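Raw contents of entry.cif, mmCIF, C-alpha atoms:
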data_structure
loop_
_atom_site.label_atom_id
_atom_site.label_comp_id
_atom_site.auth_asym_id
_atom_site.auth_seq_id
_atom_site.Cartn_x
_atom_site.Cartn_y
_atom_site.Cartn_z
CA MET A 115 -13.78 114.02 47.47
CA GLY A 116 -17.52 114.36 48.12
CA ASP A 117 -18.97 112.81 51.25
CA ASN A 118 -21.00 109.58 51.16
CA HIS A 119 -24.45 110.88 52.10
CA ASN A 120 -25.95 107.40 52.22
CA LEU A 121 -24.63 106.96 55.77
CA LEU A 122 -26.12 108.92 58.64
CA ALA A 123 -23.68 110.42 61.14
CA GLU A 124 -24.74 107.88 63.77
CA GLN A 125 -24.14 104.99 61.37
CA ARG A 126 -20.72 106.33 60.40
CA ARG A 127 -19.71 106.74 64.02
CA ALA A 128 -20.84 103.21 64.87
CA LEU A 129 -18.70 101.87 62.00
CA ILE A 130 -15.72 103.96 63.13
CA LEU A 131 -16.07 102.72 66.69
CA GLU A 132 -16.28 99.11 65.52
CA GLU A 133 -13.17 99.57 63.36
CA VAL A 134 -11.20 101.09 66.24
CA ARG A 135 -12.24 98.36 68.68
CA ARG A 136 -11.67 95.49 66.25
CA HIS A 137 -8.19 96.56 65.15
CA GLY A 138 -7.01 98.36 68.26
CA GLY A 139 -7.01 101.70 66.44
CA ALA A 140 -7.62 103.35 63.09
CA ARG A 141 -6.03 106.13 61.06
CA VAL A 142 -7.99 109.00 59.54
CA ASN A 143 -6.86 108.18 55.99
CA GLU A 144 -7.99 104.55 56.39
CA LEU A 145 -11.40 105.64 57.63
CA THR A 146 -11.91 108.16 54.83
CA ARG A 147 -11.19 105.44 52.27
CA LYS A 148 -13.50 102.84 53.87
CA LEU A 149 -16.37 105.24 54.54
CA MET A 150 -15.91 107.29 51.36
CA VAL A 151 -16.10 110.61 53.20
CA SER A 152 -13.74 113.56 53.61
CA ASP A 153 -10.97 113.89 56.18
CA MET A 154 -12.93 116.71 57.81
CA THR A 155 -16.01 114.50 58.26
CA VAL A 156 -13.97 111.72 59.88
CA ARG A 157 -12.24 114.18 62.20
CA ARG A 158 -15.61 115.63 63.26
CA ASP A 159 -16.87 112.09 63.95
CA LEU A 160 -13.76 111.30 66.00
CA ASP A 161 -14.23 114.52 67.98
CA ALA A 162 -17.84 113.57 68.74
CA LEU A 163 -16.91 110.02 69.80
CA ALA A 164 -14.09 111.32 71.99
CA ARG A 165 -16.49 113.74 73.73
CA GLN A 166 -18.81 110.80 74.44
CA GLY A 167 -15.92 108.88 76.00
CA ALA A 168 -16.15 106.13 73.37
CA LEU A 169 -12.55 106.36 72.13
CA GLU A 170 -9.34 108.34 72.50
CA LYS A 171 -8.06 110.62 69.73
CA VAL A 172 -4.38 110.37 68.90
CA HIS A 173 -2.23 112.01 66.21
CA GLY A 174 -3.57 110.87 62.85
CA GLY A 175 -6.42 108.74 64.15
CA ALA A 176 -7.94 107.11 67.24
CA VAL A 177 -7.44 104.19 69.63
CA PRO A 178 -9.81 102.40 72.04
CA LEU A 179 -10.36 104.12 75.34
CA ALA A 180 -8.09 102.71 78.03
CA GLU A 181 -10.92 101.90 80.40
CA ALA A 182 -10.26 100.38 83.80
CA SER A 183 -12.44 97.50 84.94
CA THR A 184 -13.64 99.74 87.79
CA HIS A 185 -14.71 102.65 85.54
CA GLU A 186 -18.47 103.21 85.60
CA PRO A 187 -19.79 105.76 83.08
CA GLY A 188 -22.75 107.91 84.08
CA PHE A 189 -26.24 107.48 82.62
CA GLU A 190 -26.01 110.53 80.36
CA ALA A 191 -22.65 109.44 78.91
CA LYS A 192 -23.97 105.96 78.11
CA SER A 193 -27.31 107.14 76.75
CA SER A 194 -25.65 108.81 73.75
CA LEU A 195 -23.96 105.57 72.61
CA GLU A 196 -25.47 102.95 70.27
CA THR A 197 -28.89 104.64 70.41
CA SER A 198 -30.30 102.94 67.29
CA ALA A 199 -29.15 99.52 68.48
CA LYS A 200 -30.75 100.05 71.90
CA SER A 201 -34.06 101.02 70.28
CA GLU A 202 -34.04 97.87 68.13
CA ILE A 203 -33.13 95.70 71.11
CA ALA A 204 -35.92 97.27 73.17
CA ARG A 205 -38.54 96.52 70.52
CA ALA A 206 -37.43 92.90 70.21
CA ALA A 207 -37.26 92.33 73.97
CA ALA A 208 -40.67 93.92 74.61
CA ALA A 209 -42.28 91.03 72.73
CA MET A 210 -41.09 88.72 75.52
CA ALA A 211 -43.23 90.44 78.18
CA GLN A 212 -46.68 88.89 78.50
CA PRO A 213 -49.68 90.93 79.72
CA GLY A 214 -50.37 90.40 83.39
CA SER A 215 -46.91 89.04 84.18
CA ALA A 216 -44.45 90.07 86.89
CA ILE A 217 -41.22 91.38 85.43
CA ALA A 218 -38.05 93.01 86.71
CA LEU A 219 -35.90 95.59 84.95
CA SER A 220 -32.40 96.37 86.14
CA GLY A 221 -30.74 99.74 85.70
CA GLY A 222 -29.14 100.87 82.46
CA THR A 223 -29.77 102.77 79.27
CA THR A 224 -30.94 99.71 77.32
CA THR A 225 -33.51 98.78 79.97
CA PHE A 226 -34.57 102.44 79.97
CA ALA A 227 -35.27 102.13 76.23
CA LEU A 228 -37.11 98.86 76.92
CA ALA A 229 -39.31 100.51 79.57
CA GLN A 230 -40.53 102.95 76.92
CA GLN A 231 -41.69 99.99 74.82
CA LEU A 232 -43.36 98.21 77.76
CA VAL A 233 -45.70 100.99 78.90
CA ASP A 234 -48.40 99.71 76.50
CA VAL A 235 -48.25 96.09 77.73
CA PRO A 236 -51.33 95.80 79.99
CA ASP A 237 -51.40 94.86 83.65
CA LEU A 238 -47.70 94.33 84.24
CA THR A 239 -46.17 94.28 87.68
CA VAL A 240 -42.76 95.89 87.31
CA VAL A 241 -39.99 95.76 89.91
CA THR A 242 -36.96 97.91 89.18
CA ASN A 243 -33.94 99.41 90.89
CA SER A 244 -33.68 102.10 88.21
CA VAL A 245 -34.92 105.60 88.98
CA ARG A 246 -35.06 106.33 85.26
CA VAL A 247 -37.11 103.22 84.45
CA ALA A 248 -39.58 103.95 87.25
CA ASP A 249 -40.04 107.50 85.94
CA VAL A 250 -40.94 106.17 82.47
CA PHE A 251 -43.81 104.10 83.89
CA HIS A 252 -44.97 106.74 86.35
CA THR A 253 -45.19 109.35 83.58
CA ALA A 254 -47.10 106.99 81.31
CA HIS A 255 -49.52 105.97 84.08
CA ARG A 256 -50.83 109.48 84.63
CA GLY A 257 -52.92 109.21 81.50
CA PRO A 258 -54.53 112.28 79.94
CA ALA A 259 -53.95 115.68 81.55
CA GLY A 260 -56.32 116.18 84.45
CA ALA A 261 -57.15 112.47 84.84
CA ARG A 262 -57.88 111.54 88.45
CA SER A 263 -56.89 107.88 88.18
CA PRO A 264 -54.25 105.89 86.29
CA ARG A 265 -55.10 104.80 82.76
CA PRO A 266 -56.67 101.31 82.43
CA GLY A 267 -54.13 98.52 82.30
CA ALA A 268 -51.31 100.67 83.69
CA ALA A 269 -48.49 98.71 85.28
CA THR A 270 -47.98 98.44 89.00
CA VAL A 271 -44.43 99.68 89.63
CA VAL A 272 -42.24 98.85 92.61
CA LEU A 273 -39.02 100.87 92.96
CA THR A 274 -36.49 99.39 95.35
CA GLY A 275 -34.66 101.65 97.75
CA GLY A 276 -30.91 101.79 98.01
CA MET A 277 -27.82 103.86 97.27
CA ARG A 278 -27.70 105.57 93.89
CA THR A 279 -24.94 104.67 91.40
CA PRO A 280 -23.58 106.88 88.57
CA SER A 281 -25.97 105.05 86.21
CA ASP A 282 -28.98 105.97 88.42
CA SER A 283 -29.47 102.44 89.75
CA LEU A 284 -30.33 101.78 93.39
CA VAL A 285 -28.08 99.18 95.00
CA GLY A 286 -26.91 97.93 98.37
CA PRO A 287 -28.54 96.19 101.37
CA VAL A 288 -31.89 97.99 101.08
CA ALA A 289 -32.29 97.07 97.41
CA ASP A 290 -31.11 93.50 98.08
CA ALA A 291 -33.64 93.06 100.90
CA ALA A 292 -36.48 94.35 98.72
CA ILE A 293 -35.69 91.84 95.96
CA ARG A 294 -34.93 88.85 98.21
CA SER A 295 -38.55 87.79 98.84
CA LEU A 296 -39.87 88.46 95.31
CA HIS A 297 -40.33 86.20 92.30
CA PHE A 298 -40.38 87.34 88.67
CA ASP A 299 -41.60 85.69 85.49
CA VAL A 300 -38.90 87.48 83.49
CA LEU A 301 -35.89 89.58 84.41
CA PHE A 302 -34.67 92.01 81.75
CA LEU A 303 -31.08 92.68 82.65
CA GLY A 304 -28.75 95.34 81.33
CA VAL A 305 -25.03 94.63 81.71
CA HIS A 306 -21.72 96.46 81.59
CA GLY A 307 -20.01 93.45 80.04
CA ILE A 308 -20.62 89.87 78.93
CA SER A 309 -18.08 87.20 78.02
CA VAL A 310 -17.64 83.42 78.10
CA GLU A 311 -14.96 83.57 80.78
CA ALA A 312 -16.39 86.23 83.10
CA GLY A 313 -20.09 85.81 82.40
CA LEU A 314 -22.03 88.96 83.29
CA SER A 315 -20.03 91.68 84.99
CA THR A 316 -20.16 95.25 86.29
CA PRO A 317 -17.55 97.72 87.63
CA ASN A 318 -19.70 98.36 90.73
CA LEU A 319 -19.38 95.82 93.57
CA ALA A 320 -22.67 96.77 95.22
CA GLU A 321 -24.50 96.60 91.90
CA ALA A 322 -23.08 93.13 91.31
CA GLU A 323 -24.69 91.88 94.52
CA THR A 324 -28.04 93.49 93.69
CA ASN A 325 -27.96 91.93 90.22
CA ARG A 326 -27.24 88.53 91.78
CA ARG A 327 -30.45 88.94 93.77
CA PHE A 328 -32.36 89.79 90.60
CA VAL A 329 -31.00 86.73 88.77
CA GLY A 330 -31.81 84.44 91.70
CA ALA A 331 -35.43 85.67 91.85
CA ALA A 332 -36.27 85.22 88.14
CA ARG A 333 -37.72 82.20 86.35
CA ARG A 334 -36.29 83.50 83.07
CA VAL A 335 -33.27 85.80 82.62
CA VAL A 336 -33.10 87.89 79.44
CA VAL A 337 -29.98 89.99 78.95
CA VAL A 338 -30.45 93.09 76.79
CA ALA A 339 -27.08 94.36 75.55
CA ASP A 340 -25.75 95.93 72.37
CA HIS A 341 -22.86 94.28 70.52
CA THR A 342 -20.18 96.47 72.15
CA LYS A 343 -20.81 94.74 75.50
CA TRP A 344 -19.60 91.37 74.19
CA GLY A 345 -16.03 90.76 75.37
CA THR A 346 -16.13 93.58 77.94
CA VAL A 347 -15.26 92.57 81.51
CA GLY A 348 -15.99 94.65 84.61
CA LEU A 349 -14.50 94.33 88.07
CA SER A 350 -17.11 91.96 89.49
CA SER A 351 -18.91 89.02 87.89
CA PHE A 352 -22.42 88.34 89.16
CA ALA A 353 -23.73 85.52 86.94
CA THR A 354 -22.42 82.86 84.58
CA LEU A 355 -23.75 82.36 81.07
CA ARG A 356 -25.42 79.16 82.32
CA GLU A 357 -27.79 81.36 84.32
CA VAL A 358 -28.90 83.31 81.23
CA ASP A 359 -31.86 82.10 79.15
CA ALA A 360 -31.62 84.58 76.28
CA LEU A 361 -29.49 87.42 74.96
CA VAL A 362 -31.15 90.14 72.90
CA THR A 363 -28.56 92.14 70.96
CA ASP A 364 -28.18 94.00 67.65
CA GLY A 365 -26.90 93.18 64.19
CA GLY A 366 -23.46 94.66 64.88
CA LEU A 367 -22.45 91.46 66.65
CA PRO A 368 -19.74 89.72 64.54
CA ASP A 369 -20.40 86.22 63.18
CA GLY A 370 -17.67 84.70 65.35
CA ALA A 371 -19.26 86.09 68.50
CA ARG A 372 -22.68 84.82 67.42
CA ALA A 373 -21.34 81.31 67.05
CA GLU A 374 -19.65 81.49 70.44
CA ILE A 375 -22.82 82.75 72.12
CA GLN A 376 -24.95 80.05 70.54
CA ASP A 377 -22.56 77.47 72.00
CA HIS A 378 -23.28 78.77 75.51
CA LEU A 379 -26.82 80.20 75.54
CA PRO A 380 -30.18 78.57 74.78
CA GLU A 381 -31.38 81.58 72.77
CA LEU A 382 -29.81 84.45 70.85
CA VAL A 383 -32.15 87.11 69.46
CA VAL A 384 -30.61 89.55 67.00
CA ALA A 385 -32.89 92.58 66.80
CA GLY A 386 -33.82 93.64 63.31
CA GLU A 387 -33.41 90.15 61.85
CA GLU A 388 -36.38 87.97 61.04
CA GLU A 389 -35.86 85.36 63.74
CA GLY A 390 -33.76 84.88 66.81
CA ALA A 391 -31.03 82.28 66.43
CA ARG A 392 -31.53 79.33 68.76
CA ARG A 393 -29.13 76.65 69.84
CA SER A 394 -30.38 73.26 68.77
#
Is it possible to give me this structure as structure tokens?
Amino acid sequence: MGDNHNLLAEQRRALILEEVRRHGGARVNELTRKLMVSDMTVRRDLDALARQGALEKVHGGAVPLAEASTHEPGFEAKSSLETSAKSEIARAAAAMAQPGSAIALSGGTTTFALAQQLVDVPDLTVVTNSVRVADVFHTAHRGPAGARSPRPGAATVVLTGGMRTPSDSLVGPVADAAIRSLHFDVLFLGVHGISVEAGLSTPNLAEAETNRRFVGAARRVVVVADHTKWGTVGLSSFATLREVDALVTDGGLPDGARAEIQDHLPELVVAGEEEGARRS
């Protein structure tokens, strides 16, 4: 059987991961039939996803990774997952940042992608607890090689102090104190998990407290999260869905989840689609 060359490897792997998560597992022969590719291609995709920590290979197929609510993947491990979705989410969310406004970006790979889209928005004041996000802005602000001053309109960036997490976020009392007296027009918040019952959650207790501070200091809270985060629950909840103004996600979110989100959030923006869906 010839492989289906219409699907890129990343697209195939996203479909495989969705199939495994939705049904609690998938067999190689089922995946070859649905994707119209060879057994060897599916097995290579399963090997790649297993190396990324996205699933667990078993005899004849794969099952979801048995992930504890306290497990916190590192930045590099997360950055290789759902890359296309994160880029689409970042482009959609960047449109919500107005020139001259004060914004906050939490840690995470999706907010890192968003930072890369925000460097061209003029005169922002950016507060972040992400070392990676701060580096994006600092690199962009240098301007042309040899320039003695930042480029016109470059953002003012404030990096909180704190203890570093596996995802390169700064958390703890120092970060909390830095955020406590600030006020943001918009908070762009990456999350480990989001659900109706648990709200927004993370496996890191200290990060949960820092995120609570962020949420409390923002006039508008925008969660940026790919579809795999829906239904995931970490050890510690730090906000309810009532505290969220908008969720920006990708088109992989199932219809049932979309309906459920629209019942609980004022605004759902699905990146790549013409308009965000809004609760009436």
### Message
Show me, as a ChimeraX atom specification, the residues that have an atom within 6 Å of region 329-338 of chain A when counting all atoms listed in the file, minus same-chain residues fewer than 2 positions from it.
### Response
/A:297-304,326-327,358-362
### Query
So which residues touch Val134 (chain A) within 9 Å, counting only C-alpha atoms, skipping near sequence neighbours fewer than 4 positions away, as a list of chain:residue names?
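Residues meeting the cut-off are A:Leu129, A:Ile130, A:Gly138, A:Gly139, A:Ala140, A:Arg141, A:Leu169, A:Ala176, A:Val177, A:Pro178.
For the choices A:Arg246, A:Arg278, A:Arg356, A:Lys343, the atom-to-atom distance to Arg135 (chain A) is smallest for A:Lys343 when using all atoms listed in the file.
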### Query
A:His306, A:Arg265, A:Arg158, A:Arg165: which is nearest Ser220 (chain A), counting all atoms listed in the file?
A:His306
### Query
Just how far from CA of Ala199 (chain A) is CA of Gly345 (chain A), in Å to one decimal?
17.2 Å
### Task
Kindly indicate which residue among A:Ala164, A:Gly174, A:Glu321, A:Ala268 lies nearest to Leu145 (chain A), using only C-alpha atoms for the distances.
A:Gly174
### Summary
CA of Ser215 (chain A) to CA of Gly275 (chain A) measures 22.2 Å
### Message
I'd like the contact shell of Gly386 (chain A) - 12 Å cut-off, all atoms listed in the file, skipping same-chain residues fewer than 4 positions apart - returned as a PyMOL selection string.
### Response
chain A and resi 198-207+362-366+390
### Task
Work out how far CA of Ala254 (chain A) is from CA of Ala339 (chain A), in Å to one decimal.
24.4 Å
### Task
Select, from A:Ala128, A:Leu367, A:Met210, A:Leu284, the residue with the minimum atom-to-atom distance to Trp344 (chain A), counting only C-alpha atoms.
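So, comparing all the options, the nearest one is A:Leu367.
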Spatial neighbours of Phe226 (chain A), 9 Å, all atoms listed in the file, chain gap at least 4 places, as a PDB file with C-alpha atoms, in the frame of the given file:
ATOM      1  CA  ALA A 204     -35.920  97.270  73.170  1.00  0.00           C
ATOM      2  CA  LEU A 219     -35.900  95.590  84.950  1.00  0.00           C
ATOM      3  CA  SER A 220     -32.400  96.370  86.140  1.00  0.00           C
ATOM      4  CA  GLY A 221     -30.740  99.740  85.700  1.00  0.00           C
ATOM      5  CA  GLY A 222     -29.140 100.870  82.460  1.00  0.00           C
ATOM      6  CA  GLN A 230     -40.530 102.950  76.920  1.00  0.00           C
ATOM      7  CA  SER A 244     -33.680 102.100  88.210  1.00  0.00           C
ATOM      8  CA  ARG A 246     -35.060 106.330  85.260  1.00  0.00           C
ATOM      9  CA  VAL A 247     -37.110 103.220  84.450  1.00  0.00           C
ATOM     10  CA  ALA A 248     -39.580 103.950  87.250  1.00  0.00           C
ATOM     11  CA  VAL A 250     -40.940 106.170  82.470  1.00  0.00           C
TER      12      VAL A 250
END
Since the input lacks some atoms of region 164-180 of chain A, please model N, CA and C atoms and print them as a compact mmCIF listing (two decimals), in the frame of the given file.
# COMPACT_ATOMS: atom_id res chain seq x y z
N ALA A 164 -14.99 111.04 70.86
CA ALA A 164 -14.09 111.32 71.99
C ALA A 164 -14.84 112.06 73.09
N ARG A 165 -15.71 113.01 72.72
CA ARG A 165 -16.49 113.74 73.73
C ARG A 165 -17.42 112.81 74.49
N GLN A 166 -17.92 111.77 73.81
CA GLN A 166 -18.81 110.80 74.44
C GLN A 166 -18.05 109.80 75.31
N GLY A 167 -16.72 109.84 75.25
CA GLY A 167 -15.92 108.88 76.00
C GLY A 167 -15.87 107.51 75.38
N ALA A 168 -16.11 107.43 74.05
CA ALA A 168 -16.15 106.13 73.37
C ALA A 168 -14.79 105.70 72.84
N LEU A 169 -13.89 106.68 72.60
CA LEU A 169 -12.55 106.36 72.13
C LEU A 169 -11.62 107.50 72.51
N GLU A 170 -10.34 107.31 72.21
CA GLU A 170 -9.34 108.34 72.50
C GLU A 170 -8.69 108.78 71.20
N LYS A 171 -8.71 110.10 70.93
CA LYS A 171 -8.06 110.62 69.73
C LYS A 171 -6.55 110.65 69.93
N VAL A 172 -5.83 110.26 68.90
CA VAL A 172 -4.38 110.37 68.90
C VAL A 172 -3.98 111.03 67.58
N HIS A 173 -2.71 111.36 67.44
CA HIS A 173 -2.23 112.01 66.21
C HIS A 173 -2.49 111.12 65.01
N GLY A 174 -3.31 111.60 64.08
CA GLY A 174 -3.57 110.87 62.85
C GLY A 174 -4.68 109.86 62.92
N GLY A 175 -5.35 109.73 64.07
CA GLY A 175 -6.42 108.74 64.15
C GLY A 175 -6.99 108.60 65.55
N ALA A 176 -7.32 107.36 65.94
CA ALA A 176 -7.94 107.11 67.24
C ALA A 176 -7.60 105.71 67.71
N VAL A 177 -7.67 105.50 69.02
CA VAL A 177 -7.44 104.19 69.63
C VAL A 177 -8.56 103.94 70.64
N PRO A 178 -8.79 102.67 71.03
CA PRO A 178 -9.81 102.40 72.04
C PRO A 178 -9.49 103.12 73.35
N LEU A 179 -10.54 103.48 74.06
CA LEU A 179 -10.36 104.12 75.34
C LEU A 179 -9.75 103.14 76.32
N ALA A 180 -8.70 103.56 77.01
CA ALA A 180 -8.09 102.71 78.03
C ALA A 180 -8.96 102.77 79.27
